[in-house]
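Have a look at the structure below, then the notes.
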Amino acid sequence: MKDISDLFWDASVAELKQGYVHDQDAGIYRCLICGQSFEKGIIYFDGDTFFEAERYTQHHIHKQHGSMFNYLLGLDKKLTGLTDLQKKMLDYFFQGLTDKDIVQELGGGSTSTIRHHRFTLREKMKQAKVFLALMELTEEHAAKPTKWINPPRQAKMLDQRFDITEAEQRQILEKYFPEGLEGPLAEFPKKEKRKVAILKHLITKFQANRKYSELEVNRILERIYPDYVTLRRYLIEYGFMDRTPDGSQYWIL
């Protein structure tokens, strides 16, 4: 099964908007935010209300995560391509505020400036559609499309360290896991791309939609490499995993 970041990045625009994907072969609906799955044919309930699987998935997203709009808008600007001001404008537009209302919210400015922001964002949407079509056509017609590994959704630095193909990742893992992918890790490399490839593999050892104590994380990582503290630190630093401020709970992203 794909990890949650792969599932997120491989989702269509329609699936990103609704917040979940439907795996027809497995008969499950899976939340794109936390990875929780709901099986088709099973009746779920919350309080006195009963739901079939897809409807409960929608209910889960609304209850546990709010709205997909807010979730997507909250992603790092390197992932959305939006400035802080553009994010603020989109939020106002999503709320249905008029240009005059937005001027009041901002405490100044002019309605013509707000109209310009609306125009700019519409043009950005058109450009995104054309670019998406061009990239899909390029991938479809490439003699041998290159498959890249997906960065974590909460990555704060999207740079060349994530410039790794799936083939390159396999080669790196074969080198650093000479006894097999279950471990042990021979050494933790200094080169950034190699670190990313290994960290990408390490998160497969953790379940989506589950909180781990620091002790549990340490035990899982220690079976792979003695310096589990370094592995844990890089999983956090590179955006593959997050934790509460006091370090009492960890989860994958």
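Here, A, B, ... name the chains of the structure tokens in the order displayed, residue numbers run from 1 inside each chain, and ligands are numbered from 1 in the same displayed order.
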
* To do: Using DSSP on the backbone coordinates, identify all residues within segment 20-194 of chain A classified as helix (DSSP H, G or I); present the result as JSON, numbers by chain.
  => {"A": [53, 54, 55, 56, 57, 58, 59, 60, 61, 62, 63, 64, 65, 68, 69, 70, 71, 72, 73, 77, 78, 79, 80, 84, 85, 86, 87, 88, 89, 90, 91, 92, 93, 94, 99, 100, 101, 102, 103, 104, 105, 106, 111, 112, 113, 114, 115, 116, 117, 118, 119, 120, 121, 122, 123, 124, 125, 126, 127, 128, 129, 130, 131, 132, 133, 134, 135, 136, 137, 138, 139, 140, 141, 160, 161, 162, 166, 167, 168, 169, 170, 171, 172, 173, 174, 175, 176, 192, 193, 194]}

Could you save those same residues with C-alpha atoms as a compact mmCIF listing (two decimals), in the first residue's frame?
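Result written to part_36.txt:
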```txt
# COMPACT_ATOMS: atom_id res chain seq x y z
CA ALA A 53 -18.41 3.87 3.97
CA GLU A 54 -18.07 6.75 1.52
CA ARG A 55 -20.44 9.00 3.40
CA TYR A 56 -18.61 8.24 6.63
CA THR A 57 -15.30 9.10 4.97
CA GLN A 58 -16.74 12.51 4.14
CA HIS A 59 -18.04 12.83 7.70
CA HIS A 60 -14.62 11.84 9.07
CA ILE A 61 -12.83 14.51 7.02
CA HIS A 62 -15.25 17.23 8.10
CA LYS A 63 -15.19 16.22 11.77
CA GLN A 64 -11.51 15.42 12.18
CA HIS A 65 -9.85 17.76 9.71
CA MET A 68 -9.91 20.35 2.48
CA PHE A 69 -9.75 24.01 1.50
CA ASN A 70 -8.19 24.95 4.84
CA TYR A 71 -5.89 21.96 4.81
CA LEU A 72 -4.58 22.64 1.31
CA LEU A 73 -4.30 26.35 1.97
CA LYS A 77 4.14 28.01 0.16
CA LYS A 78 6.76 25.88 -1.59
CA LEU A 79 4.05 23.29 -2.19
CA THR A 80 1.18 25.63 -3.08
CA ASP A 84 1.04 34.70 2.11
CA LEU A 85 -1.02 37.54 0.63
CA GLN A 86 -2.47 35.29 -2.08
CA LYS A 87 -3.40 32.73 0.56
CA LYS A 88 -5.15 35.44 2.56
CA MET A 89 -7.04 36.61 -0.53
CA LEU A 90 -8.14 33.06 -1.37
CA ASP A 91 -9.42 32.62 2.17
CA TYR A 92 -11.48 35.81 1.88
CA PHE A 93 -12.84 34.76 -1.51
CA PHE A 94 -13.68 31.30 -0.15
CA ASP A 99 -14.36 43.37 -2.42
CA LYS A 100 -15.65 46.05 -0.08
CA ASP A 101 -15.80 43.59 2.82
CA ILE A 102 -12.20 42.55 2.19
CA VAL A 103 -11.01 46.16 2.20
CA GLN A 104 -12.63 46.52 5.62
CA GLU A 105 -11.03 43.30 6.85
CA LEU A 106 -7.63 44.53 5.72
CA THR A 111 -11.72 47.61 -4.12
CA SER A 112 -9.81 47.93 -7.41
CA THR A 113 -6.79 46.32 -5.74
CA ILE A 114 -8.93 43.42 -4.55
CA ARG A 115 -10.37 42.99 -8.06
CA HIS A 116 -6.82 42.84 -9.37
CA HIS A 117 -6.05 40.03 -6.90
CA ARG A 118 -9.11 38.13 -8.12
CA PHE A 119 -7.98 38.55 -11.72
CA THR A 120 -4.40 37.48 -10.94
CA LEU A 121 -5.54 34.31 -9.17
CA ARG A 122 -7.89 33.40 -12.02
CA GLU A 123 -5.01 33.78 -14.46
CA LYS A 124 -2.85 31.60 -12.20
CA MET A 125 -5.56 28.91 -12.34
CA LYS A 126 -5.60 29.02 -16.15
CA GLN A 127 -1.82 28.76 -16.27
CA ALA A 128 -1.91 25.81 -13.87
CA LYS A 129 -4.42 24.00 -16.09
CA VAL A 130 -2.28 24.48 -19.19
CA PHE A 131 0.87 23.45 -17.36
CA LEU A 132 -0.81 20.33 -15.96
CA ALA A 133 -2.00 19.36 -19.44
CA LEU A 134 1.49 19.90 -20.87
CA MET A 135 3.14 17.79 -18.17
CA GLU A 136 0.62 14.97 -18.56
CA LEU A 137 1.11 14.96 -22.34
CA THR A 138 4.87 14.93 -21.85
CA GLU A 139 4.68 11.97 -19.47
CA GLU A 140 2.28 10.09 -21.75
CA HIS A 141 4.49 10.51 -24.81
CA GLN A 160 17.75 19.24 -5.05
CA ARG A 161 17.93 16.83 -2.12
CA PHE A 162 14.51 15.52 -3.25
CA GLU A 166 12.59 5.68 -7.95
CA ALA A 167 15.40 3.78 -9.71
CA GLU A 168 18.03 5.82 -7.87
CA GLN A 169 16.28 5.19 -4.57
CA ARG A 170 16.36 1.44 -5.17
CA GLN A 171 20.09 1.59 -5.90
CA ILE A 172 20.74 3.59 -2.72
CA LEU A 173 18.69 1.20 -0.59
CA GLU A 174 20.48 -1.83 -2.03
CA LYS A 175 23.80 -0.26 -1.08
CA TYR A 176 22.91 0.79 2.45
CA GLU A 192 21.62 14.67 1.23
CA LYS A 193 19.98 12.64 -1.56
CA ARG A 194 21.04 9.40 0.04
```

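Our summary of the geometry notes that atom CA of Asp6 of chain A is positioned 20.5 Å from atom CA of Glu182 of chain A.
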
Write out as an mmCIF file with C-alpha atoms, in the first residue's frame which residues come within 7 Å of Tyr29 of chain A when counting only C-alpha atoms, dropping same-chain ones fewer than 6 positions away.
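The file below, result_10.cif, is the result:
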```cif
data_model
loop_
_atom_site.group_PDB
_atom_site.id
_atom_site.type_symbol
_atom_site.label_atom_id
_atom_site.label_comp_id
_atom_site.auth_asym_id
_atom_site.auth_seq_id
_atom_site.Cartn_x
_atom_site.Cartn_y
_atom_site.Cartn_z
ATOM 1 C CA TYR A 20 -10.146 10.952 -0.155
ATOM 2 C CA VAL A 21 -9.480 8.282 -2.774
ATOM 3 C CA HIS A 22 -11.422 5.148 -3.587
ATOM 4 C CA ASP A 23 -9.404 1.971 -4.046
ATOM 5 C CA SER A 37 -9.367 3.744 5.631
ATOM 6 C CA PHE A 38 -13.052 2.841 5.568
ATOM 7 C CA GLU A 39 -14.226 -0.401 4.016
ATOM 8 C CA GLU A 54 -18.066 6.746 1.516
ATOM 9 C CA THR A 57 -15.297 9.104 4.970
#
```

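In this model, the gap between atom CA of Leu235 of chain A and atom CA of Gly180 of chain A comes to 20.7 Å.
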
* Gly239 of chain A environment, 12 Å, only C-alpha atoms, sequence neighbours closer than 3 positions dropped, as a list in words -> Ser5, Leu75, Asp76, Asn150, Pro151, Pro152, Arg153, Gln154, Ala155, Lys156, Met157, Leu158, Phe162, Val196, Leu199, Lys200, Ile203, Arg232, Arg233, Tyr234, Leu235, Ile236, Asp242, Arg243, Trp251, Ile252 and Leu253 of chain A

* Structure fact -> Of A:Val229, A:Ile28, A:Ala11, A:Ile164, the one sitting nearest Ile198 of chain A when using only C-alpha atoms is A:Ile164

* **Shell around Leu32 of chain A at 8 Å using only C-alpha atoms, local window under 5 positions removed, as a list in words** => Ile4, Leu7, Phe8, Leu16, Gly19, Tyr20 and Val21 of chain A
